[in-house]
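Below is one structure, written out as structure tokens; the observations come after it.
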Amino acid sequence: MEVLSRGGANSWPASVAAAVLVAAVVSGALRWAKKRRAANGTTRARLPGGSLGWPIVGETLAFISAAYSPRPESFVEKRRLLYGKVFKSHLWGSPAVVSSDAEVSRAVLQADASSFVPWYPRSLMELMGESSILVLGGGLQRRVHGLSGAFFKSPKLKARLTAGMQRRVAEAMGGWRRRCGDDGGGAVVVRVQDEAKSIVFETLVRALIGLEPGQEMQFLKQQFHEFIAGLISIPIKLPGSQLYRSIKAKKRMAKLIQKIIQEKRENGVYEAPHDMIDVLMNNGSDQLTDELISDNMIDFMIPAEDSVPVLITLAVKYLSECPLALEQLEEENMELKRRKSDVGETLQWTDYMSLTFTQHVITETLRIGNIINGIMRKAVKDVEVKGQLLIPKGWCVFLYFRSVHLDGHVYDDPYAFNPWRWKERDIMAGSSYFTPFGGGQRLCPGVDLARLEASIFLHHLVTSFSWVADEDTVVNFPTVRLKRGMPIKVTPKT
Ligand code: HEM
């Protein structure tokens, strides 16, 4: 009875406690089982096979060591043979799903910020700041992306940019000619990478913030070099460290750009946008503050300093190694030059874009050169891709375009530089097998500009000079570039 009564007195709370405990255990077990099932593949969406590598460093060192080798894709290729085109790994301090599957990558690129956000190494995140278009998500990113994309596609901007770049190229190449001697009979060595950097930077800065060559441009260039030196650096922000110096340089650049914004505001009258600042200042949104605009202008300068000049330099390298392609490119450009000079016209941006073979050369350079090897995103929730692949919340997904661009099942003889292959392919259809400019929500807004700038440079080079290229090697890490800057010995054409 006592037992009963005691039991009776306490039996209700005790049974509730027991039930709660059992429920908690069961629900925990179910959750665990669900995760296990997901990991083991007994639900439809599952984590792919692969290895997380060593504690903390994961497989980062293996990735870096492959990245420094002549075949950076070997890291992915090895695992692809073991686990398939999509596998799990651990890179840059984060568990990651690596995709060399064009369809999976396409699905990730199409997803919005409710599933994935951009992810970069810490030093890069630190330098770009939260308001950078490269990091922003949601409506504000779509707005800046839309405004910049429309501006860079506008015929007016392209016409202005073409005129500016032609002037700048003529100035630089005129200098080479003078150095060759008055009779033009000599030859000089130029480094294509450095020359292209200087020309492209000034051209794009003009389009972005309306700055003309001069003292302020020089100042901006110096600060920008300090800034980008920290993009891939040790993430320590102490005085004296590279990251600290880069942050200071960014602040000095932002101050200059904010001064330009202020002057534009004081000058008042606004008719049509001349540069990107005009576009962003006059879009009627309070969200686009002066600080956000100036920070983003600096981020837009990154491809001007790096990607476009590397595209130009790689094209010169591949052409130097493929005389047949160089000959055809030269013929096409000479023909255009003759046609235009016969009627006394200067070249327009549409003329450059109509050079079919030149465009094939640029496309093939983008495919084989892989200036951006791949891009990273972080999952903000558990995401199922194509109903089969699970990318858990907090994991990175690394879309490795390079493996797709060099896949023998997609491209015949994939390591051969073969611009003619593009006669048969329609890249404008937006194939998921050709993504040098990314895709989906964050498709590069500078696609047309990159092609136009490369076309202008190549046209003036091949129609004004012949050259002999020195040996040089492509370095793929941390960014793609030519080890010696691609020295070529140029001789003026008569
Ligand atoms: C050969 C030259 C270029 C290559 C290979 C390239 C490649 C790329 C790639 C792969 C992305 C996608 C990044 C991602 O999804 O996270 C991207 C984004 C971007 N690119 Fe380019 N790019 C080039 C030239 C340019 C130029 C000339 C500009 C500026 C005028 C530019 C501005 C941008 C911006 C602002 C974004 C970020 C877009 C966003 O997140 O909404 N790029 N680029």
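So you can find residues: chains in the structure tokens are A, B, ... in the order shown, residues in each start at 1, and ligands are numbered from 1 in order.
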Requested in this report: Check which residues fall inside 6 Å of ligand 1 when counting only C-alpha atoms and all ligand atoms, and print them as a list in words.
Outcome: Pro118, Ile133, Leu134, Gln141, His145, Phe300, Pro303, Ala304, Ser307, Val308, Leu311, Ile371, Ile372, Ile375, Pro436, Phe437, Gly438, Arg442, Leu443, Cys444, Pro445, Gly446, Val447, Leu449 and Ala450 of chain A
Selection file, N, CA and C atoms, as a JSON list (two decimals), in the first residue's frame:
```
[["chain", "number", "residue", "atom", "x", "y", "z"],
["A", 118, "PRO", "N", 27.93, 33.32, -51.07],
["A", 118, "PRO", "CA", 29.32, 33.20, -51.52],
["A", 118, "PRO", "C", 30.24, 32.93, -50.35],
["A", 133, "ILE", "N", 29.52, 43.53, -53.44],
["A", 133, "ILE", "CA", 28.61, 42.75, -54.30],
["A", 133, "ILE", "C", 29.03, 41.28, -54.33],
["A", 134, "LEU", "N", 30.32, 41.04, -54.12],
["A", 134, "LEU", "CA", 30.81, 39.66, -54.17],
["A", 134, "LEU", "C", 30.33, 38.86, -52.95],
["A", 141, "GLN", "N", 22.05, 42.59, -53.61],
["A", 141, "GLN", "CA", 22.97, 42.01, -54.62],
["A", 141, "GLN", "C", 22.30, 42.04, -55.99],
["A", 145, "HIS", "N", 23.83, 44.04, -59.04],
["A", 145, "HIS", "CA", 24.15, 43.17, -60.18],
["A", 145, "HIS", "C", 23.39, 43.62, -61.42],
["A", 300, "PHE", "N", 35.09, 46.03, -58.01],
["A", 300, "PHE", "CA", 34.96, 45.90, -59.46],
["A", 300, "PHE", "C", 36.33, 46.02, -60.15],
["A", 303, "PRO", "N", 38.77, 42.43, -61.21],
["A", 303, "PRO", "CA", 38.94, 41.77, -62.50],
["A", 303, "PRO", "C", 39.73, 42.60, -63.50],
["A", 304, "ALA", "N", 39.67, 43.94, -63.34],
["A", 304, "ALA", "CA", 40.41, 44.80, -64.27],
["A", 304, "ALA", "C", 41.90, 44.61, -64.08],
["A", 307, "SER", "N", 41.83, 39.46, -63.98],
["A", 307, "SER", "CA", 41.27, 38.49, -64.93],
["A", 307, "SER", "C", 41.44, 38.89, -66.39],
["A", 308, "VAL", "N", 41.09, 40.13, -66.73],
["A", 308, "VAL", "CA", 41.15, 40.52, -68.14],
["A", 308, "VAL", "C", 42.60, 40.52, -68.66],
["A", 311, "LEU", "N", 43.60, 37.04, -69.28],
["A", 311, "LEU", "CA", 42.96, 36.52, -70.49],
["A", 311, "LEU", "C", 43.77, 36.94, -71.73],
["A", 371, "ILE", "N", 40.80, 30.91, -65.98],
["A", 371, "ILE", "CA", 41.28, 32.04, -65.18],
["A", 371, "ILE", "C", 40.65, 32.00, -63.78],
["A", 372, "ILE", "N", 39.37, 31.65, -63.73],
["A", 372, "ILE", "CA", 38.74, 31.35, -62.43],
["A", 372, "ILE", "C", 38.49, 29.84, -62.45],
["A", 375, "ILE", "N", 34.37, 28.24, -58.15],
["A", 375, "ILE", "CA", 33.88, 29.19, -57.15],
["A", 375, "ILE", "C", 33.31, 28.44, -55.95],
["A", 436, "PRO", "N", 33.18, 29.93, -67.77],
["A", 436, "PRO", "CA", 34.31, 30.73, -67.26],
["A", 436, "PRO", "C", 33.83, 31.96, -66.51],
["A", 437, "PHE", "N", 32.60, 32.40, -66.78],
["A", 437, "PHE", "CA", 32.07, 33.59, -66.12],
["A", 437, "PHE", "C", 31.01, 33.23, -65.08],
["A", 438, "GLY", "N", 31.01, 31.98, -64.62],
["A", 438, "GLY", "CA", 30.02, 31.55, -63.64],
["A", 438, "GLY", "C", 28.66, 31.40, -64.29],
["A", 442, "ARG", "N", 24.68, 35.10, -60.18],
["A", 442, "ARG", "CA", 25.91, 35.89, -60.05],
["A", 442, "ARG", "C", 26.76, 35.83, -61.32],
["A", 443, "LEU", "N", 26.13, 35.51, -62.42],
["A", 443, "LEU", "CA", 26.86, 35.50, -63.69],
["A", 443, "LEU", "C", 27.62, 36.82, -63.82],
["A", 444, "CYS", "N", 28.89, 36.72, -64.20],
["A", 444, "CYS", "CA", 29.74, 37.90, -64.26],
["A", 444, "CYS", "C", 29.11, 39.01, -65.11],
["A", 445, "PRO", "N", 28.92, 40.21, -64.53],
["A", 445, "PRO", "CA", 28.35, 41.30, -65.34],
["A", 445, "PRO", "C", 29.35, 41.89, -66.33],
["A", 446, "GLY", "N", 30.63, 41.45, -66.23],
["A", 446, "GLY", "CA", 31.66, 42.03, -67.11],
["A", 446, "GLY", "C", 31.97, 41.17, -68.34],
["A", 447, "VAL", "N", 31.11, 40.16, -68.63],
["A", 447, "VAL", "CA", 31.37, 39.23, -69.75],
["A", 447, "VAL", "C", 31.71, 39.97, -71.04],
["A", 449, "LEU", "N", 32.48, 43.10, -71.57],
["A", 449, "LEU", "CA", 33.64, 43.99, -71.47],
["A", 449, "LEU", "C", 34.94, 43.22, -71.59],
["A", 450, "ALA", "N", 34.99, 42.06, -70.93],
["A", 450, "ALA", "CA", 36.22, 41.26, -70.95],
["A", 450, "ALA", "C", 36.55, 40.87, -72.39]]
```
Report task. Just the residues within 10 Å of A:Val205, please, counting only C-alpha atoms, with nothing from its chain fewer than 4 positions along; format it as a list in words. Result ->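 My list of contacting residues is Val200, Phe201, Ile209, Gly210, Leu211, Glu212, Pro213, Met217, Leu220, Lys221, Asp275, Met276, Met297, Ile298, Phe300, Met301, Ala304 and Glu305 of chain A.
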Please produce a file of the residues just selected, as a compact mmCIF listing (two decimals), in the first residue's frame, where the atoms kept are all heavy atoms.
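Saved file again15.txt follows:
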```txt
# COMPACT_ATOMS: atom_id res chain seq x y z
N VAL A 200 44.36 47.97 -69.20
CA VAL A 200 43.01 47.56 -68.80
C VAL A 200 42.59 48.27 -67.51
O VAL A 200 41.44 48.71 -67.37
CB VAL A 200 42.94 46.02 -68.64
CG1 VAL A 200 41.66 45.59 -67.99
CG2 VAL A 200 43.08 45.35 -70.00
N PHE A 201 43.52 48.43 -66.58
CA PHE A 201 43.17 49.08 -65.32
C PHE A 201 42.67 50.50 -65.57
O PHE A 201 41.61 50.90 -65.12
CB PHE A 201 44.39 49.10 -64.38
CG PHE A 201 44.08 49.63 -63.00
CD1 PHE A 201 43.49 48.82 -62.05
CD2 PHE A 201 44.35 50.94 -62.65
CE1 PHE A 201 43.18 49.28 -60.78
CE2 PHE A 201 44.05 51.44 -61.40
CZ PHE A 201 43.47 50.60 -60.46
N ILE A 209 34.67 54.98 -62.40
CA ILE A 209 34.56 56.19 -61.57
C ILE A 209 34.86 57.47 -62.34
O ILE A 209 34.93 58.54 -61.75
CB ILE A 209 35.46 56.08 -60.30
CG1 ILE A 209 36.94 55.97 -60.69
CG2 ILE A 209 35.07 54.89 -59.45
CD1 ILE A 209 37.86 56.01 -59.48
N GLY A 210 35.08 57.35 -63.64
CA GLY A 210 35.26 58.54 -64.47
C GLY A 210 36.60 59.22 -64.29
O GLY A 210 36.75 60.38 -64.69
N LEU A 211 37.58 58.53 -63.71
CA LEU A 211 38.88 59.17 -63.47
C LEU A 211 39.75 59.08 -64.71
O LEU A 211 39.85 58.04 -65.34
CB LEU A 211 39.57 58.43 -62.31
CG LEU A 211 40.70 59.15 -61.60
CD1 LEU A 211 40.22 60.43 -60.94
CD2 LEU A 211 41.33 58.24 -60.54
N GLU A 212 40.37 60.22 -65.06
CA GLU A 212 41.26 60.25 -66.23
C GLU A 212 42.70 60.00 -65.75
O GLU A 212 43.02 60.22 -64.58
CB GLU A 212 41.20 61.63 -66.90
CG GLU A 212 39.84 61.99 -67.49
CD GLU A 212 39.44 61.11 -68.67
OE1 GLU A 212 40.34 60.55 -69.33
OE2 GLU A 212 38.22 60.98 -68.93
N PRO A 213 43.59 59.55 -66.68
CA PRO A 213 44.99 59.35 -66.28
C PRO A 213 45.57 60.64 -65.69
O PRO A 213 45.23 61.73 -66.16
CB PRO A 213 45.69 58.99 -67.60
CG PRO A 213 44.61 58.44 -68.46
CD PRO A 213 43.34 59.15 -68.07
N MET A 217 44.99 58.98 -60.66
CA MET A 217 45.01 57.62 -61.21
C MET A 217 46.26 56.88 -60.71
O MET A 217 46.21 55.71 -60.34
CB MET A 217 45.00 57.69 -62.74
CG MET A 217 45.10 56.35 -63.43
SD MET A 217 43.60 55.36 -63.30
CE MET A 217 42.63 55.97 -64.67
N LEU A 220 45.77 55.93 -57.16
CA LEU A 220 44.83 54.81 -57.06
C LEU A 220 45.53 53.49 -57.41
O LEU A 220 45.33 52.47 -56.75
CB LEU A 220 43.66 55.05 -58.02
CG LEU A 220 42.41 54.25 -57.74
CD1 LEU A 220 41.70 54.76 -56.50
CD2 LEU A 220 41.45 54.31 -58.92
N LYS A 221 46.35 53.53 -58.45
CA LYS A 221 47.07 52.33 -58.88
C LYS A 221 47.97 51.80 -57.77
O LYS A 221 47.97 50.61 -57.47
CB LYS A 221 47.97 52.68 -60.08
CG LYS A 221 47.50 52.12 -61.39
CD LYS A 221 48.57 52.35 -62.44
CE LYS A 221 47.96 52.33 -63.80
NZ LYS A 221 48.87 52.66 -64.87
N ASP A 275 29.51 57.00 -65.96
CA ASP A 275 30.29 55.92 -65.36
C ASP A 275 29.40 55.18 -64.36
O ASP A 275 28.25 55.55 -64.14
CB ASP A 275 31.56 56.49 -64.71
CG ASP A 275 31.26 57.68 -63.83
OD1 ASP A 275 30.36 57.56 -62.98
OD2 ASP A 275 31.88 58.74 -64.00
N MET A 276 30.00 54.16 -63.78
CA MET A 276 29.24 53.28 -62.89
C MET A 276 28.77 54.03 -61.63
O MET A 276 27.70 53.75 -61.10
CB MET A 276 30.19 52.12 -62.53
CG MET A 276 29.58 50.99 -61.81
SD MET A 276 28.36 50.17 -62.82
CE MET A 276 27.44 49.44 -61.52
N MET A 297 33.10 49.88 -55.95
CA MET A 297 33.93 50.28 -57.10
C MET A 297 35.32 49.63 -56.98
O MET A 297 35.92 49.22 -57.97
CB MET A 297 34.06 51.81 -57.16
CG MET A 297 32.79 52.53 -57.56
SD MET A 297 32.08 51.91 -59.09
CE MET A 297 30.97 50.67 -58.51
N ILE A 298 35.80 49.53 -55.75
CA ILE A 298 37.13 48.92 -55.55
C ILE A 298 37.06 47.43 -55.90
O ILE A 298 37.95 46.89 -56.56
CB ILE A 298 37.61 49.16 -54.10
CG1 ILE A 298 37.76 50.66 -53.86
CG2 ILE A 298 38.92 48.43 -53.84
CD1 ILE A 298 37.92 51.06 -52.42
N PHE A 300 35.09 46.03 -58.01
CA PHE A 300 34.96 45.90 -59.46
C PHE A 300 36.33 46.02 -60.15
O PHE A 300 36.49 45.61 -61.28
CB PHE A 300 34.04 46.99 -60.03
CG PHE A 300 32.59 46.60 -60.07
CD1 PHE A 300 31.79 46.67 -58.95
CD2 PHE A 300 32.01 46.16 -61.24
CE1 PHE A 300 30.45 46.32 -58.99
CE2 PHE A 300 30.67 45.81 -61.29
CZ PHE A 300 29.89 45.89 -60.16
N MET A 301 37.27 46.68 -59.44
CA MET A 301 38.59 46.86 -60.07
C MET A 301 39.40 45.57 -60.07
O MET A 301 40.38 45.44 -60.81
CB MET A 301 39.38 47.95 -59.33
CG MET A 301 38.83 49.33 -59.56
SD MET A 301 39.68 50.52 -58.51
CE MET A 301 38.50 51.86 -58.53
N ALA A 304 39.67 43.94 -63.34
CA ALA A 304 40.41 44.80 -64.27
C ALA A 304 41.90 44.61 -64.08
O ALA A 304 42.69 44.62 -65.01
CB ALA A 304 40.04 46.25 -64.04
N GLU A 305 42.29 44.42 -62.85
CA GLU A 305 43.71 44.27 -62.54
C GLU A 305 44.17 42.86 -62.89
O GLU A 305 45.30 42.66 -63.28
CB GLU A 305 43.90 44.57 -61.05
CG GLU A 305 45.08 43.91 -60.37
CD GLU A 305 46.42 44.52 -60.77
OE1 GLU A 305 46.46 45.65 -61.30
OE2 GLU A 305 47.43 43.85 -60.57
```
Query raised in the report: Of the residues A:Trp349, A:Phe357, A:Trp395, A:Trp176, which is the one nearest to A:Ile488, using only C-alpha atoms?
Result: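 With only C-alpha atoms as the atom set, the closest residue is A:Trp176.
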Extract, using only C-alpha atoms, all DNA, RNA and protein residues at most 9 Å from stretch 49-52 of chain A, discarding same-chain residues fewer than 6 positions from it, and format them as a short mmCIF file (atom, residue, chain, number, x, y, z; two decimals) with all heavy atoms, in the first residue's frame.
```cif
data_model
loop_
_atom_site.label_atom_id
_atom_site.label_comp_id
_atom_site.auth_asym_id
_atom_site.auth_seq_id
_atom_site.Cartn_x
_atom_site.Cartn_y
_atom_site.Cartn_z
N ALA A 39 23.59 10.27 -44.69
CA ALA A 39 25.01 10.09 -44.98
C ALA A 39 25.26 8.76 -45.69
O ALA A 39 26.14 8.64 -46.53
CB ALA A 39 25.81 10.16 -43.68
N GLY A 58 42.25 19.05 -43.13
CA GLY A 58 41.47 18.30 -44.13
C GLY A 58 42.33 17.90 -45.31
O GLY A 58 43.41 17.33 -45.14
N GLU A 59 41.88 18.24 -46.51
CA GLU A 59 42.63 17.89 -47.72
C GLU A 59 43.22 19.15 -48.39
O GLU A 59 43.58 19.12 -49.56
CB GLU A 59 41.72 17.16 -48.71
CG GLU A 59 41.24 15.81 -48.18
CD GLU A 59 40.66 14.94 -49.29
OE1 GLU A 59 39.67 15.36 -49.92
OE2 GLU A 59 41.18 13.85 -49.53
N ARG A 79 40.12 11.92 -57.14
CA ARG A 79 38.94 11.61 -56.33
C ARG A 79 37.73 11.26 -57.20
O ARG A 79 36.87 10.50 -56.81
CB ARG A 79 38.64 12.78 -55.38
CG ARG A 79 39.66 12.80 -54.25
CD ARG A 79 39.93 14.15 -53.68
NE ARG A 79 41.00 14.08 -52.70
CZ ARG A 79 42.31 14.11 -53.02
NH1 ARG A 79 42.69 14.22 -54.27
NH2 ARG A 79 43.23 14.03 -52.06
N LEU A 82 37.73 7.71 -57.82
CA LEU A 82 37.34 6.90 -56.66
C LEU A 82 35.86 7.06 -56.29
O LEU A 82 35.19 6.09 -55.95
CB LEU A 82 38.17 7.33 -55.43
CG LEU A 82 39.65 6.96 -55.43
CD1 LEU A 82 40.36 7.64 -54.27
CD2 LEU A 82 39.79 5.44 -55.31
N TYR A 83 35.36 8.29 -56.34
CA TYR A 83 34.02 8.56 -55.78
C TYR A 83 33.00 9.08 -56.79
O TYR A 83 31.84 9.26 -56.44
CB TYR A 83 34.13 9.59 -54.65
CG TYR A 83 35.21 9.30 -53.64
CD1 TYR A 83 36.32 10.14 -53.55
CD2 TYR A 83 35.12 8.20 -52.80
CE1 TYR A 83 37.32 9.89 -52.63
CE2 TYR A 83 36.13 7.95 -51.88
CZ TYR A 83 37.23 8.79 -51.80
OH TYR A 83 38.21 8.53 -50.89
N GLY A 84 33.44 9.45 -57.98
CA GLY A 84 32.51 10.04 -58.95
C GLY A 84 32.74 11.54 -59.09
O GLY A 84 33.62 12.11 -58.42
N VAL A 86 31.14 14.04 -58.11
CA VAL A 86 30.88 14.89 -56.93
C VAL A 86 31.37 14.10 -55.71
O VAL A 86 31.04 12.93 -55.56
CB VAL A 86 29.37 15.19 -56.80
CG1 VAL A 86 29.11 16.11 -55.62
CG2 VAL A 86 28.84 15.82 -58.09
N PHE A 87 32.16 14.75 -54.88
CA PHE A 87 32.67 14.03 -53.70
C PHE A 87 32.81 14.98 -52.53
O PHE A 87 32.78 16.21 -52.70
CB PHE A 87 34.02 13.36 -54.02
CG PHE A 87 35.08 14.33 -54.50
CD1 PHE A 87 35.90 15.01 -53.61
CD2 PHE A 87 35.23 14.57 -55.87
CE1 PHE A 87 36.86 15.89 -54.06
CE2 PHE A 87 36.19 15.46 -56.33
CZ PHE A 87 37.01 16.11 -55.43
N LYS A 88 32.93 14.39 -51.34
CA LYS A 88 33.11 15.27 -50.17
C LYS A 88 34.59 15.40 -49.83
O LYS A 88 35.39 14.52 -50.16
CB LYS A 88 32.30 14.77 -48.98
CG LYS A 88 32.75 13.48 -48.36
CD LYS A 88 31.99 13.28 -47.04
CE LYS A 88 32.42 11.98 -46.38
NZ LYS A 88 31.46 10.90 -46.50
N SER A 89 34.91 16.51 -49.21
CA SER A 89 36.30 16.77 -48.84
C SER A 89 36.29 17.75 -47.67
O SER A 89 35.23 18.02 -47.08
CB SER A 89 37.04 17.36 -50.06
OG SER A 89 38.38 17.60 -49.75
N HIS A 90 37.44 18.29 -47.34
CA HIS A 90 37.53 19.32 -46.30
C HIS A 90 38.57 20.31 -46.77
O HIS A 90 39.75 19.97 -46.89
CB HIS A 90 37.94 18.66 -44.98
CG HIS A 90 37.69 19.53 -43.78
ND1 HIS A 90 38.46 20.63 -43.49
CD2 HIS A 90 36.73 19.47 -42.82
CE1 HIS A 90 37.99 21.20 -42.39
NE2 HIS A 90 36.94 20.52 -41.95
N LEU A 91 38.14 21.52 -47.13
CA LEU A 91 39.04 22.50 -47.73
C LEU A 91 38.95 23.84 -47.03
O LEU A 91 37.85 24.28 -46.68
CB LEU A 91 38.71 22.68 -49.22
CG LEU A 91 38.88 21.44 -50.12
CD1 LEU A 91 38.25 21.68 -51.49
CD2 LEU A 91 40.35 21.07 -50.27
N PRO A 95 34.21 21.67 -44.05
CA PRO A 95 33.80 20.50 -44.81
C PRO A 95 33.21 20.96 -46.13
O PRO A 95 32.55 22.01 -46.17
CB PRO A 95 32.75 19.82 -43.93
CG PRO A 95 32.30 20.86 -42.98
CD PRO A 95 33.42 21.85 -42.82
N ALA A 96 33.47 20.23 -47.21
CA ALA A 96 33.06 20.73 -48.53
C ALA A 96 32.58 19.60 -49.43
O ALA A 96 33.04 18.48 -49.32
CB ALA A 96 34.25 21.43 -49.20
N VAL A 97 31.63 19.95 -50.28
CA VAL A 97 31.26 19.06 -51.38
C VAL A 97 31.88 19.66 -52.63
O VAL A 97 31.68 20.85 -52.91
CB VAL A 97 29.72 18.96 -51.51
CG1 VAL A 97 29.34 18.26 -52.81
CG2 VAL A 97 29.12 18.24 -50.31
#
```
Just the residues within 12 Å of stretch 178-181 of chain A, please, counting only C-alpha atoms, with nothing from its chain fewer than 2 positions along; format it as an mmCIF file with N, CA, C and O atoms, in the first residue's frame.
```
data_model
loop_
_atom_site.group_PDB
_atom_site.id
_atom_site.type_symbol
_atom_site.label_atom_id
_atom_site.label_comp_id
_atom_site.auth_asym_id
_atom_site.auth_seq_id
_atom_site.Cartn_x
_atom_site.Cartn_y
_atom_site.Cartn_z
ATOM 1 N N ALA A 170 47.010 52.598 -78.407
ATOM 2 C CA ALA A 170 47.840 53.284 -79.402
ATOM 3 C C ALA A 170 49.028 53.968 -78.708
ATOM 4 O O ALA A 170 50.158 53.931 -79.202
ATOM 5 N N GLU A 171 48.760 54.569 -77.557
ATOM 6 C CA GLU A 171 49.814 55.254 -76.803
ATOM 7 C C GLU A 171 50.898 54.247 -76.385
ATOM 8 O O GLU A 171 52.085 54.467 -76.595
ATOM 9 N N ALA A 172 50.449 53.102 -75.817
ATOM 10 C CA ALA A 172 51.413 52.102 -75.335
ATOM 11 C C ALA A 172 52.201 51.512 -76.503
ATOM 12 O O ALA A 172 53.435 51.432 -76.466
ATOM 13 N N MET A 173 51.482 51.124 -77.568
ATOM 14 C CA MET A 173 52.168 50.462 -78.684
ATOM 15 C C MET A 173 53.014 51.452 -79.479
ATOM 16 O O MET A 173 54.034 51.078 -80.061
ATOM 17 N N GLY A 174 52.604 52.730 -79.474
ATOM 18 C CA GLY A 174 53.435 53.779 -80.078
ATOM 19 C C GLY A 174 54.778 53.848 -79.354
ATOM 20 O O GLY A 174 55.834 54.024 -79.971
ATOM 21 N N GLY A 175 54.725 53.679 -78.051
ATOM 22 C CA GLY A 175 55.941 53.671 -77.228
ATOM 23 C C GLY A 175 56.848 52.502 -77.616
ATOM 24 O O GLY A 175 58.066 52.660 -77.729
ATOM 25 N N TRP A 176 56.262 51.342 -77.838
ATOM 26 C CA TRP A 176 57.075 50.170 -78.240
ATOM 27 C C TRP A 176 57.751 50.479 -79.582
ATOM 28 O O TRP A 176 58.924 50.195 -79.779
ATOM 29 N N ASP A 183 63.385 54.014 -87.628
ATOM 30 C CA ASP A 183 63.121 53.305 -88.892
ATOM 31 C C ASP A 183 62.258 52.063 -88.649
ATOM 32 O O ASP A 183 61.876 51.372 -89.592
ATOM 33 N N GLY A 184 61.945 51.779 -87.381
ATOM 34 C CA GLY A 184 61.089 50.630 -87.052
ATOM 35 C C GLY A 184 61.770 49.304 -87.314
ATOM 36 O O GLY A 184 61.142 48.248 -87.276
ATOM 37 N N GLY A 185 63.090 49.340 -87.545
ATOM 38 C CA GLY A 185 63.781 48.106 -87.910
ATOM 39 C C GLY A 185 64.211 47.261 -86.718
ATOM 40 O O GLY A 185 64.544 46.091 -86.872
ATOM 41 N N GLY A 186 64.213 47.850 -85.525
ATOM 42 C CA GLY A 186 64.687 47.123 -84.338
ATOM 43 C C GLY A 186 63.601 46.266 -83.711
ATOM 44 O O GLY A 186 62.517 46.104 -84.262
ATOM 45 N N ALA A 187 63.932 45.708 -82.570
ATOM 46 C CA ALA A 187 62.947 44.900 -81.845
ATOM 47 C C ALA A 187 63.111 45.173 -80.358
ATOM 48 O O ALA A 187 64.228 45.438 -79.895
ATOM 49 N N VAL A 188 62.010 45.173 -79.610
ATOM 50 C CA VAL A 188 62.114 45.345 -78.159
ATOM 51 C C VAL A 188 61.331 44.244 -77.463
ATOM 52 O O VAL A 188 60.399 43.677 -78.032
ATOM 53 N N VAL A 189 61.746 43.990 -76.224
ATOM 54 C CA VAL A 189 61.031 42.982 -75.447
ATOM 55 C C VAL A 189 59.990 43.684 -74.581
ATOM 56 O O VAL A 189 60.305 44.658 -73.894
ATOM 57 N N VAL A 190 58.744 43.212 -74.651
ATOM 58 C CA VAL A 190 57.709 43.754 -73.759
ATOM 59 C C VAL A 190 57.083 42.591 -72.999
ATOM 60 O O VAL A 190 57.059 41.469 -73.493
ATOM 61 N N PHE A 465 52.307 44.560 -85.091
ATOM 62 C CA PHE A 465 53.605 43.930 -84.773
ATOM 63 C C PHE A 465 53.625 42.451 -85.141
ATOM 64 O O PHE A 465 52.588 41.788 -85.132
ATOM 65 N N LYS A 489 59.307 39.454 -78.002
ATOM 66 C CA LYS A 489 60.163 40.413 -78.713
ATOM 67 C C LYS A 489 59.377 40.896 -79.921
ATOM 68 O O LYS A 489 59.086 40.109 -80.833
ATOM 69 N N VAL A 490 58.988 42.170 -79.891
ATOM 70 C CA VAL A 490 58.115 42.673 -80.962
ATOM 71 C C VAL A 490 58.896 43.455 -82.018
ATOM 72 O O VAL A 490 59.853 44.169 -81.703
ATOM 73 N N THR A 491 58.471 43.288 -83.270
ATOM 74 C CA THR A 491 59.030 44.051 -84.390
ATOM 75 C C THR A 491 57.857 44.730 -85.097
ATOM 76 O O THR A 491 56.874 44.047 -85.418
ATOM 77 N N PRO A 492 57.932 46.047 -85.310
ATOM 78 C CA PRO A 492 56.798 46.724 -85.965
ATOM 79 C C PRO A 492 56.591 46.229 -87.387
ATOM 80 O O PRO A 492 57.564 45.914 -88.082
ATOM 81 N N LYS A 493 55.323 46.147 -87.773
ATOM 82 C CA LYS A 493 55.018 45.795 -89.166
ATOM 83 C C LYS A 493 55.105 47.078 -89.982
ATOM 84 O O LYS A 493 54.778 48.152 -89.480
#
```
Report task. Just the residues within 9 Å of stretch 466-473 of chain A, please, counting only C-alpha atoms, with nothing from its chain fewer than 2 positions along; format it as a count of residues only. Result -> 24
Report task. Find the residues near stretch 415-420 of chain A: any atom within 7 Å, counting only C-alpha atoms, skip ones fewer than 2 places away on the same chain, and give them as a list in words. Result ->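 Near neighbours after the sequence-gap exclusion: Tyr318, His360, Val361, Glu364, Ile368, Leu406, Asp413, Trp422 and Lys423 of chain A.
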Report task. Please give the complete set of residues from stretch 95-344 of chain A that DSSP, run on the backbone, assigns to helix (DSSP H, G or I), formatted as a PyMOL selection string. Result -> chain A and resi 102-110+122-128+138-153+155-179+192-209+215-229+242-267+276-281+290-305+307-321+323-342
**Report entry** All strand (DSSP E) residues (DSSP, backbone) inside stretch 146-244 of chain A, as a list in words
**Finding:** Val188, Val189, Val190 and Arg191 of chain A
Report task. Find the distance between atom CA of A:Thr358 and atom CA of A:Ser455 and write it in Å to one decimal. Result -> 6.9 Å
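Among the candidate residues A:Ser99, A:Gln262, A:Gln441, A:Ser241, the one lying nearest to A:Phe401 is A:Ser99, with distances computed using only C-alpha atoms.
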**Report entry** All residues 6 Å or closer to A:Phe398, only C-alpha atoms, same chain fewer than 2 positions away omitted, as a PyMOL selection string
**Finding:** chain A and resi 98+375-376+400
